[in-house]
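Written below as structure tokens is the structure these notes are about.
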Amino acid sequence: MHMEARKYVWEGAIPLQIHLHESEVTTLPPPPPALILAPRIGYLPLLVGLIKPYFGSSLPPGVDTIWFEYKGLPLKWYTPTGVLFDLLCPEPERPWNLTVHFRGYPVHVLIPCEGEDSVKWSFINSLKEAAYIINGNCKNVMNMSQSDQVELWRSVMNGNLEAYLRVSSKLKLVTVEDDYTVKLNSSSKSQQGTGETDFAGQVKTGRIPVRLYVWSVSEDFDDLEDAPDIDCWDKISFINRPVEVRTEEGKCFTLHDAIKTLLPEYFTDKPLFNDESPKLEDEEMNLSSEDAGSNKNTEVEEILYEHVTRNAEIKLVRIQGIEPKLEIPFSWVVNNLMNPDYFLYMCICVRVPEVNTV
């Protein structure tokens with residue numbers, strides 16, 4: 001594992017410019033926006049301790065129910081801040097302009113959040129889910145001592161990688177060995193010999209917890225700044241699916257292989273028309289008109305589906321703010337870019353052309 005890469009991830013931050021919603025401003029002039037550096041691996045509700053004192057004197061009376069929005073879209077508090085930024089800002093916006101609300105919680109869009117306790121509960125549950133995917137059970141997470149659980153959570157809140165590694169190592173959540181590192185090590189050892197390296201793929205296989213956010217667009221665009229905005233969560237497909245790392249002798253399981261596993265519908269190799277398909281015999285043609293129409297519609301739907309998937313194009317793959325090459329070993333991506341809850345969060349934009357069915 002490359003500790004330098006992990007360190008970069010843990011130190012990653014997003015500059016935020018947070019505005020108090022105009023409907024909640026009770027003072028003149030209105031307060032200027034708050035400027036905050038938000039950790040990528042953190043969560044927006046954890047910023048409340050910095051934001052509330054800043055806007056407190058301008059708020060109307062009432063009970064605080066804090067939530068954030070971006071361009072009118074309520075932000076999901078249980079999603080890491082960096083993931084929200086990667087998903088909603090194809091062209092990175094710095095600072096990222098968010099609006100904070102202390103009233104009018106959108107219960108029809110967001111599940112309730114009771115502050116830090118809710119975020120911690122969500123994180124621990126996510127960790128349990130990842131443990132179950134990796135080991136087939138979550139006993140090690142369930143059996144954590146109270147002091148270890150507190151230290152683990154504090155390490156995430158404070159961005160303390162050393163403390164996190166010290167506690168998380170007790171959970172024994174081994175994903176896959178980084179075959180990029182294995183290759184480098186093999187290369188350095190072989191330099192004393194023939195100078196050749198026999199790289200036989202990954203050393204350890206396993207199941208990788210992945211959370212995938214897929215944003216489908218019909219319009220084509222060349223520059224990310226021209227990408228259409230996401231104005232509702234219905235435009236995002238959330239896929240919570242493990243990746244089974246499959247190895248072949250002499251081959252490396254890449255990020256591209258992982259995406260093909262997660263999104264097989266966009267990587268179909270089937271021909272649009274199959275000329276070798278058997279023809280119906282005369283005795284099979286005595287269908288009712290209703291049955292014939294139904295079969296015809298089904299065939300048309302299958303052809304349209306294959307046309308769409310064959311012409312779909314992945315426009316963007318972003319993980320921890322970077323756009324990695326698809327040929328990179330997936331094991332390196334997992335071991336270096338996963339979040340503290342042991343999930344790998346991936347944001348993907350796919351252009352799917354519209355098909356005229358008329």
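Following the order of the structure tokens, chains are lettered A, B, ..., residues in each are numbered from 1, and ligands are numbered from 1.
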List the neighbours of range 205-209 of chain A out to 7 Å using only C-alpha atoms; skip same-chain residues closer than 4 positions along the sequence, and give me the result as JSON, numbers by chain.
{"A": [130, 133, 134, 175, 176, 241, 242, 243, 244, 245, 246, 342, 343, 344]}
Write out as CSV the residues of range 90-146 of chain A that have any atom within 12 Å of an atom of range 28-39 of chain A, one row each with the nearest atom pair and its distance in Å to one decimal, counting only C-alpha atoms, sorted by chain and then rising number.
residue,atom,partner,partner_atom,distance
A:Arg94,CA,A:Leu37,CA,10.9
A:Pro95,CA,A:Leu35,CA,8.4
A:Trp96,CA,A:Leu35,CA,9.7
A:Asn97,CA,A:Pro33,CA,9.1
A:Leu98,CA,A:Pro33,CA,9.4
A:Thr99,CA,A:Pro33,CA,9.1
A:Val100,CA,A:Pro33,CA,10.0
Straight-line distance linking CA of Leu87 in chain A with CA of Glu69 in chain A, stated in Å to one decimal
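Going from CA of Leu87 in chain A over to CA of Glu69 in chain A, I get 13.7 Å.
The neighbours of range 167-169 of chain A here are the residues that come within 8 Å of it, using only C-alpha atoms and leaving out any residue fewer than 6 positions away in the same chain; they are Asp148, Glu151 and Leu152 of chain A.
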Keeping only N, CA, C and O atoms, write the selected residues as a PDB file, in the first residue's frame.
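That gives us selection03.pdb:
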ATOM      1  N   ASP A 148     -12.198   1.766  21.312  1.00  0.00           N
ATOM      2  CA  ASP A 148     -11.728   1.678  19.927  1.00  0.00           C
ATOM      3  C   ASP A 148     -12.720   2.328  18.969  1.00  0.00           C
ATOM      4  O   ASP A 148     -12.331   2.990  17.995  1.00  0.00           O
ATOM      5  N   GLU A 151     -12.245   6.024  19.302  1.00  0.00           N
ATOM      6  CA  GLU A 151     -10.989   6.459  18.684  1.00  0.00           C
ATOM      7  C   GLU A 151     -11.072   6.410  17.162  1.00  0.00           C
ATOM      8  O   GLU A 151     -10.561   7.297  16.467  1.00  0.00           O
ATOM      9  N   LEU A 152     -11.729   5.372  16.631  1.00  0.00           N
ATOM     10  CA  LEU A 152     -11.878   5.257  15.178  1.00  0.00           C
ATOM     11  C   LEU A 152     -12.684   6.426  14.629  1.00  0.00           C
ATOM     12  O   LEU A 152     -12.308   7.047  13.622  1.00  0.00           O
TER      13      LEU A 152
END
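Note that CA of Gly321 in chain A and CA of Leu46 in chain A are 20.4 Å apart.
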Between A:Glu93, A:Phe267, A:Glu313, A:Tyr78, which is the closest to Ser216 in chain A once you count only C-alpha atoms?
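Under the stated criterion, the closest residue is A:Glu313.
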Point-to-point distance in Å for CA of Pro340 in chain A and CA of Arg6 in chain A:
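Computing it gives 10.4 Å between the two atoms.
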Just the residues within 9 Å of Leu171 in chain A, please, counting only C-alpha atoms, with nothing from its chain fewer than 5 positions along; format it as a ChimeraX atom specification.
/A:131,139-141,144
Contact residues around range 219-223 of chain A with only C-alpha atoms at 10 Å, ignoring same-chain residues under 3 positions, as a PDB file with C-alpha atoms, in the first residue's frame:
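So the final result, stored in result-v2.pdb, reads:
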ATOM      1  CA  PRO A  90     -18.192  17.722 -13.159  1.00  0.00           C
ATOM      2  CA  GLU A  91     -16.247  20.919 -13.738  1.00  0.00           C
ATOM      3  CA  SER A 216     -26.856   9.392 -17.322  1.00  0.00           C
ATOM      4  CA  ASP A 226     -21.021  22.191 -20.555  1.00  0.00           C
ATOM      5  CA  ALA A 227     -22.363  19.132 -18.742  1.00  0.00           C
ATOM      6  CA  PRO A 228     -26.030  19.509 -17.720  1.00  0.00           C
ATOM      7  CA  GLU A 313     -20.252   6.359 -23.842  1.00  0.00           C
ATOM      8  CA  LYS A 315     -17.783  10.523 -20.288  1.00  0.00           C
ATOM      9  CA  VAL A 350     -22.555   8.054 -19.018  1.00  0.00           C
ATOM     10  CA  ARG A 351     -23.988   9.478 -22.208  1.00  0.00           C
ATOM     11  CA  VAL A 352     -26.875   7.335 -23.396  1.00  0.00           C
ATOM     12  CA  PRO A 353     -28.298   8.534 -26.731  1.00  0.00           C
ATOM     13  CA  GLU A 354     -32.046   8.884 -27.010  1.00  0.00           C
TER      14      GLU A 354
END
